file entry32.txt (compact mmCIF, C-alpha atoms and all ligand atoms)
# COMPACT_ATOMS: atom_id res chain seq x y z
CA MET A 1 6.36 3.94 23.83
CA GLU A 2 8.80 1.04 23.62
CA ARG A 3 11.11 2.33 20.94
CA VAL A 4 11.65 5.97 20.17
CA LYS A 5 14.00 6.97 17.42
CA PHE A 6 14.98 10.56 16.90
CA ILE A 7 14.80 11.27 13.24
CA SER A 8 16.52 14.26 11.72
CA THR A 9 13.76 16.21 10.04
CA PRO A 10 12.75 19.80 9.38
CA CYS A 11 9.82 19.10 11.68
CA PRO A 12 11.29 18.36 15.12
CA ALA A 13 8.08 16.84 16.42
CA LEU A 14 8.61 13.79 14.22
CA VAL A 15 10.74 11.94 16.73
CA LEU A 16 8.98 8.65 17.03
CA GLN A 17 9.15 5.11 15.83
CA HIS A 18 6.11 3.74 17.51
CA ARG A 19 2.34 3.76 17.25
CA GLY A 20 2.08 6.18 20.19
CA GLY A 21 4.04 8.68 18.17
CA ILE A 22 1.21 9.13 15.71
CA PHE A 23 -0.22 11.68 18.07
CA ILE A 24 3.02 13.61 18.05
CA VAL A 25 2.93 13.81 14.27
CA ALA A 26 -0.71 14.77 14.26
CA ALA A 27 0.00 17.52 16.78
CA ALA A 28 2.84 18.76 14.62
CA LEU A 29 0.58 18.94 11.59
CA TYR A 30 -2.06 20.84 13.51
CA GLN A 31 0.61 23.33 14.40
CA GLY A 32 1.02 24.05 10.73
CA TYR A 33 3.96 21.92 9.69
CA ASN A 34 4.00 21.11 6.06
CA TYR A 35 3.09 17.61 4.85
CA GLN A 36 5.97 18.06 2.45
CA HIS A 37 8.43 17.76 5.35
CA LEU A 38 6.88 14.50 6.38
CA LEU A 39 6.89 13.24 2.81
CA ALA A 40 10.51 14.21 2.19
CA ASP A 41 11.71 12.22 5.17
CA LYS A 42 9.25 9.41 4.83
CA ALA A 43 10.80 8.21 1.59
CA HIS A 44 13.94 7.28 3.50
CA ASN A 45 12.40 5.87 6.58
CA ALA A 46 10.19 2.83 6.92
CA SER A 47 8.74 3.92 10.24
CA LEU A 48 7.62 7.21 8.73
CA GLN A 49 6.04 5.28 5.87
CA PHE A 50 4.01 3.42 8.47
CA LEU A 51 3.02 6.71 10.09
CA TRP A 52 2.12 8.19 6.76
CA ARG A 53 -0.33 5.39 6.10
CA CYS A 54 -1.87 6.02 9.50
CA LEU A 55 -2.32 9.62 8.43
CA PHE A 56 -4.57 8.69 5.52
CA VAL A 57 -7.25 9.74 7.93
CA SER A 58 -6.18 13.30 7.17
CA TYR A 59 -7.35 12.89 3.59
CA LYS A 60 -10.62 11.35 4.66
CA ASP A 61 -11.24 14.63 6.41
CA TYR A 62 -11.39 16.29 3.02
CA GLN A 63 -15.09 16.18 2.44
CA ASN A 64 -15.03 15.11 -1.17
CA ALA A 65 -12.92 13.33 -3.73
CA ARG A 66 -12.11 16.57 -5.53
CA ASP A 67 -10.41 18.21 -2.56
CA ALA A 68 -8.57 15.00 -1.66
CA ALA A 69 -7.16 14.76 -5.20
CA TRP A 70 -5.99 18.38 -5.12
CA LYS A 71 -4.39 17.86 -1.71
CA ILE A 72 -2.52 14.74 -2.84
CA LEU A 73 -1.18 16.56 -5.91
CA LEU A 74 0.02 19.43 -3.71
CA ASP A 75 1.50 17.18 -1.02
CA CYS A 76 3.33 15.01 -3.54
CA GLY A 77 4.82 18.02 -5.33
CA ILE A 78 3.16 17.25 -8.67
CA ASP A 79 3.56 20.30 -10.91
CA ARG A 80 3.03 19.10 -14.49
CA LEU A 81 1.00 16.93 -16.81
CA PRO A 82 0.82 14.06 -17.33
CA VAL A 83 0.68 13.40 -13.60
CA ASN A 84 3.48 11.01 -12.63
CA LEU A 85 1.76 8.29 -10.62
CA ASN A 86 5.12 6.80 -9.63
CA ILE A 87 5.73 9.83 -7.42
CA ILE A 88 2.38 9.41 -5.69
CA ARG A 89 2.92 5.66 -5.34
CA ASP A 90 6.31 6.22 -3.68
CA GLN A 91 5.13 9.06 -1.47
CA LEU A 92 2.16 7.09 -0.19
CA GLY A 93 4.08 3.82 0.14
CA VAL A 94 1.70 1.80 -2.04
CA ARG A 95 2.82 -1.35 -3.87
CA ILE A 96 1.47 -1.60 -7.43
CA VAL A 97 1.74 -4.88 -9.34
CA SER A 98 0.17 -6.21 -12.54
CA TYR A 99 -2.07 -9.29 -12.42
CA LYS A 100 0.57 -11.13 -14.44
CA ASP A 101 3.38 -10.37 -12.00
CA ALA A 102 1.16 -11.02 -8.99
CA LYS A 103 0.03 -14.48 -10.15
CA ALA A 104 1.30 -16.30 -7.04
CA LEU A 105 -0.17 -13.65 -4.73
CA ILE A 106 -3.53 -13.80 -6.52
CA GLN A 107 -3.69 -17.58 -6.17
CA LYS A 108 -2.59 -17.47 -2.54
CA ARG A 109 -5.37 -15.01 -1.70
CA ASN A 110 -8.03 -16.68 -3.86
CA LEU A 111 -8.50 -13.59 -5.99
CA THR A 112 -8.50 -15.24 -9.41
CA ALA A 113 -12.29 -14.92 -9.95
CA LEU A 114 -12.21 -11.27 -8.89
CA THR A 115 -9.41 -10.38 -11.28
CA VAL A 116 -11.61 -11.59 -14.16
CA GLN A 117 -14.40 -9.21 -13.11
CA THR A 118 -12.40 -6.04 -12.52
CA ASP A 119 -9.53 -4.10 -14.10
CA GLY A 120 -7.96 -3.39 -10.71
CA LEU A 121 -8.30 -4.04 -6.99
CA THR A 122 -6.72 -3.07 -3.69
CA PHE A 123 -6.05 -4.92 -0.47
CA TYR A 124 -3.66 -4.61 2.43
CA ALA A 125 -0.71 -6.94 2.96
CA GLY A 126 -0.22 -6.27 6.64
CA GLU A 127 0.02 -2.49 6.83
CA GLU A 128 0.96 -2.04 3.19
CA PRO A 129 -1.71 -1.19 0.62
CA VAL A 130 -1.31 -3.24 -2.58
CA ILE A 131 -2.93 -2.30 -5.89
CA LEU A 132 -3.23 -4.98 -8.56
CA TYR A 133 -4.16 -4.05 -12.13
CA SER A 134 -4.87 -5.77 -15.41
CA GLU A 135 -1.98 -5.41 -17.83
CA ALA A 136 -4.41 -6.29 -20.65
CA CYS A 137 -5.76 -2.70 -20.63
CA SER A 138 -4.20 0.20 -22.53
CA PRO A 139 -1.52 2.25 -20.69
CA GLU A 140 -4.01 5.14 -20.48
CA ARG A 141 -6.70 2.92 -18.98
CA ILE A 142 -4.14 1.45 -16.53
CA ARG A 143 -3.28 4.97 -15.32
CA PHE A 144 -6.95 5.62 -14.59
CA THR A 145 -7.34 2.20 -12.92
CA ILE A 146 -4.41 2.92 -10.59
CA ALA A 147 -5.65 6.45 -9.84
CA HIS A 148 -9.12 4.99 -9.07
CA GLU A 149 -7.61 2.50 -6.61
CA LEU A 150 -5.47 5.22 -5.02
CA GLY A 151 -8.78 7.03 -4.51
CA HIS A 152 -10.22 4.05 -2.61
CA ILE A 153 -7.10 4.06 -0.39
CA VAL A 154 -6.89 7.77 0.41
CA LEU A 155 -10.66 8.13 0.84
CA GLY A 156 -10.58 5.27 3.35
CA HIS A 157 -12.78 2.84 1.37
CA VAL A 158 -10.40 -0.03 1.95
CA ALA A 159 -8.66 -1.08 5.14
CA PRO A 160 -6.66 -4.07 6.35
CA GLY A 161 -8.93 -7.10 5.98
CA SER A 162 -11.11 -5.62 3.22
CA ILE A 163 -10.72 -5.52 -0.54
CA THR A 164 -12.04 -3.32 -3.36
CA THR A 165 -14.13 -5.22 -5.85
CA LYS A 166 -14.90 -2.94 -8.76
CA ASN A 167 -12.85 -0.96 -11.23
CA ARG A 168 -14.61 -0.44 -14.53
CA GLU A 169 -15.51 2.52 -16.69
CA PRO A 170 -18.03 4.74 -14.85
CA SER A 171 -21.71 3.81 -15.19
CA PRO A 172 -24.96 5.27 -13.74
CA GLY A 173 -25.45 2.30 -11.36
CA ASP A 174 -22.16 2.86 -9.54
CA SER A 175 -22.15 2.91 -5.74
CA PRO A 176 -21.23 6.19 -3.98
CA GLN A 177 -17.75 4.80 -3.26
CA GLU A 178 -17.19 3.85 -6.89
CA THR A 179 -18.38 7.28 -8.01
CA ALA A 180 -16.05 8.94 -5.49
CA ALA A 181 -13.07 6.84 -6.63
CA ASN A 182 -13.78 7.77 -10.26
CA GLN A 183 -14.14 11.44 -9.37
CA PHE A 184 -10.86 11.27 -7.46
CA ALA A 185 -9.08 9.62 -10.42
CA ALA A 186 -10.40 12.14 -12.95
CA ARG A 187 -9.41 15.11 -10.80
CA LEU A 188 -6.02 13.63 -9.95
CA LEU A 189 -5.06 12.95 -13.57
CA ALA A 190 -6.86 15.91 -15.18
CA PRO A 191 -7.22 18.76 -12.65
CA ALA A 192 -9.80 21.23 -13.95
CA CYS A 193 -7.86 24.39 -13.12
CA VAL A 194 -4.85 23.13 -15.08
CA LEU A 195 -6.97 22.20 -18.10
CA TRP A 196 -8.51 25.68 -17.82
CA GLY A 197 -5.06 27.32 -17.57
CA LEU A 198 -3.88 25.42 -20.63
CA ASP A 199 -7.12 26.25 -22.49
CA LEU A 200 -7.79 22.57 -23.24
CA HIS A 201 -11.38 21.79 -24.19
CA THR A 202 -11.77 18.76 -26.41
CA ALA A 203 -11.53 15.12 -25.37
CA ASP A 204 -8.61 14.68 -27.78
CA GLU A 205 -6.67 17.57 -26.22
CA ILE A 206 -7.35 16.36 -22.69
CA ALA A 207 -6.50 12.72 -23.49
CA ALA A 208 -3.15 13.72 -25.03
CA ALA A 209 -2.15 16.12 -22.25
CA CYS A 210 -3.19 13.90 -19.34
CA ARG A 211 -2.46 10.47 -20.86
CA ILE A 212 -5.93 9.17 -20.16
CA SER A 213 -8.27 7.18 -22.39
CA LYS A 214 -10.56 8.91 -24.89
CA GLN A 215 -13.55 7.69 -22.90
CA ALA A 216 -12.27 9.18 -19.63
CA ALA A 217 -11.30 12.37 -21.48
CA ARG A 218 -14.82 12.67 -22.95
CA PHE A 219 -16.28 12.65 -19.41
CA ARG A 220 -13.71 15.26 -18.40
CA ALA A 221 -14.45 17.44 -21.44
CA GLU A 222 -18.18 17.37 -20.58
CA ARG A 223 -17.41 18.36 -17.00
CA MET A 224 -15.09 21.15 -18.21
CA LYS A 225 -17.91 22.52 -20.38
CA THR A 226 -20.16 22.73 -17.32
CA LEU A 227 -17.41 24.44 -15.31
CA HIS A 228 -16.78 26.90 -18.16
CA ASP A 229 -20.51 27.66 -18.42
CA ARG A 230 -20.56 28.41 -14.69
CA ASN A 231 -17.13 30.10 -14.77
CA LYS A 232 -16.32 27.92 -11.79
CA PHE A 233 -12.54 27.96 -11.49
CA LEU A 234 -10.15 28.92 -8.67
CA SER A 235 -13.04 29.28 -6.25
CA SER A 236 -11.25 27.53 -3.38
CA LEU A 237 -7.91 28.18 -1.70
CA LEU A 238 -6.77 24.62 -2.43
CA GLU A 239 -7.47 25.02 -6.15
CA ARG A 240 -5.69 28.38 -6.27
CA LYS A 241 -2.63 26.76 -4.64
CA LEU A 242 -2.66 23.98 -7.20
CA TYR A 243 -3.00 26.44 -10.07
CA GLN A 244 -0.02 28.36 -8.72
CA ARG A 245 1.99 25.14 -8.42
CA PHE A 246 1.37 24.32 -12.10
CA MET A 247 2.02 27.90 -13.25
CA PRO A 248 5.64 27.42 -14.46
CA PHE A 249 4.56 24.34 -16.41
CA MET A 250 1.55 26.12 -17.91
CA GLU A 251 3.70 29.09 -18.88
CA ALA A 252 6.25 26.80 -20.52
CA VAL A 253 3.46 25.10 -22.48
CA CYS A 254 1.92 28.40 -23.51
CA CYS A 255 5.37 29.70 -24.60
CA ARG A 256 5.62 26.48 -26.61
CA GLU A 257 8.72 25.37 -24.72
CA VAL A 258 6.95 22.07 -24.14
CA ARG A 259 3.65 20.61 -25.21
CA PRO A 260 1.49 19.20 -22.43
CA GLY A 261 1.80 15.62 -23.64
CA GLU A 262 5.53 15.95 -24.15
CA SER A 263 6.72 15.87 -20.57
CA LEU A 264 5.99 12.16 -20.39
CA GLN A 265 7.45 10.47 -17.40
CA SER A 266 7.55 6.73 -17.12
CA ASP A 267 4.86 5.28 -14.90
ZN ZN B 1 -13.56 0.81 -7.38
call {"tool": "encode", "arguments": {"input": "entry32.txt", "output": "structure tokens", "more": "lines below"}}
Ligand SMILES: [Zn+2]
result
Amino acid sequence: MERVKFISTPCPALVLQHRGGIFIVAAALYQGYNYQHLLADKAHNASLQFLWRCLFVSYKDYQNARDAAWKILLDCGIDRLPVNLNIIRDQLGVRIVSYKDAKALIQKRNLTALTVQTDGLTFYAGEEPVILYSEACSPERIRFTIAHELGHIVLGHVAPGSITTKNREPSPGDSPQETAANQFAARLLAPACVLWGLDLHTADEIAAACRISKQAARFRAERMKTLHDRNKFLSSLLERKLYQRFMPFMEAVCCREVRPGESLQSD
């Protein structure tokens, strides 16, 4: 290790500023340290941001998009709807830019043709993941586009040197990776246990509470109906944790202190 910097953190194993230190962090996590500690410090430290990106592998270990979405919500401290994607962006150290504002970058990387075909894409600028999105879409559609691209990043579909090439509304011919990214986005923005806790059923209710498009909300409403029919809620520890995290928000909504769509935070 050439450079080692001791960083003041609740997790004393995070004492590194070099690639070799990744193993120290990983060991610390195995010993049960909370990701939250890493995240809290990471925001103030570029070297920890680098390490955090290396740790995306931890999310890939979550077998499916659903569990990865729940884990991200928990790790980023999200506790209300609509999900604030700015928090996740900052915690994960992802740069997000509209096609319009990234014009020079798009030309430099020869991405113009691709931006015509897709509402969003992701690539790495060095070690930094960059999401580009079409500002021509509605704000609700843009939220889903960004969540979809975050899915490609955390599920390990894109790496330095590669680029995502599709971000459209879901269709039956989608590849497994596209399906996974859409599943991740839907579960990130509209977690089933929270919709269940708030007793939201219709596409209109879900769209308003989660700030997603009517089309995305219709898919979610159909899925919720299946889950209701099977009474399939809170069946995993991760989902129970998430439900607990959202409890104060759900209680406030149910006591009519706030409405789910009211706690809008700027994205
Ligand atoms: Zn995609």
call {"tool": "residues_near_ligand", "arguments": {"input": "entry32.txt", "ligand": "ligand ZN 1 (chain B)", "cutoff": "10 Å", "atoms": "all atoms listed in the file", "output": "PyMOL selection string"}}
result
chain A and resi 118-122+145-146+148-152+157-158+163-170+174-182
call {"tool": "atom_distance", "arguments": {"input": "entry32.txt", "atom1": "CA of Ala192 in chain A", "atom2": "CA of Phe246 in chain A"}}
result
11.7 Å
call {"tool": "atom_distance", "arguments": {"input": "entry32.txt", "atom1": "CA of Leu189 in chain A", "atom2": "CA of Ala159 in chain A"}}
result
23.7 Å
call {"tool": "atom_distance", "arguments": {"input": "entry32.txt", "atom1": "CA of Ala125 in chain A", "atom2": "CA of Gly161 in chain A"}}
result
8.8 Å
call {"tool": "residues_around", "arguments": {"input": "entry32.txt", "residues": "Ile206 in chain A", "least_positions_apart": "4", "cutoff": "9 Å", "atoms": "all atoms listed in the file", "output": "mmCIF file with C-alpha atoms, in the frame of the given file"}}
result
data_model
loop_
_atom_site.group_PDB
_atom_site.id
_atom_site.type_symbol
_atom_site.label_atom_id
_atom_site.label_comp_id
_atom_site.auth_asym_id
_atom_site.auth_seq_id
_atom_site.Cartn_x
_atom_site.Cartn_y
_atom_site.Cartn_z
ATOM 1 C CA ALA A 190 -6.860 15.910 -15.180
ATOM 2 C CA LEU A 195 -6.970 22.200 -18.100
ATOM 3 C CA LEU A 200 -7.790 22.570 -23.240
ATOM 4 C CA HIS A 201 -11.380 21.790 -24.190
ATOM 5 C CA THR A 202 -11.770 18.760 -26.410
ATOM 6 C CA CYS A 210 -3.190 13.900 -19.340
ATOM 7 C CA ARG A 211 -2.460 10.470 -20.860
ATOM 8 C CA ILE A 212 -5.930 9.170 -20.160
ATOM 9 C CA LYS A 214 -10.560 8.910 -24.890
ATOM 10 C CA ALA A 217 -11.300 12.370 -21.480
ATOM 11 C CA ARG A 218 -14.820 12.670 -22.950
ATOM 12 C CA ARG A 220 -13.710 15.260 -18.400
ATOM 13 C CA ALA A 221 -14.450 17.440 -21.440
#
call {"tool": "closest_residue", "arguments": {"input": "entry32.txt", "among": "A:Arg66, A:Met247, A:Leu85, A:Leu234", "to": "Gln183 in chain A", "atoms": "only C-alpha atoms"}}
result
A:Arg66
call {"tool": "residues_around", "arguments": {"input": "entry32.txt", "residues": "Met250 in chain A", "least_positions_apart": "4", "cutoff": "9 Å", "atoms": "all atoms listed in the file", "output": "NGL selection string"}}
result
:A and (80 or 194 or 197-198 or 246 or 254-255 or 260)
call {"tool": "residues_near_point", "arguments": {"input": "entry32.txt", "point": "(2.3, 14.1, -5.9)", "cutoff": "7 Å", "atoms": "only C-alpha atoms", "output": "PyMOL selection string"}}
result
chain A and resi 72-78+87-88
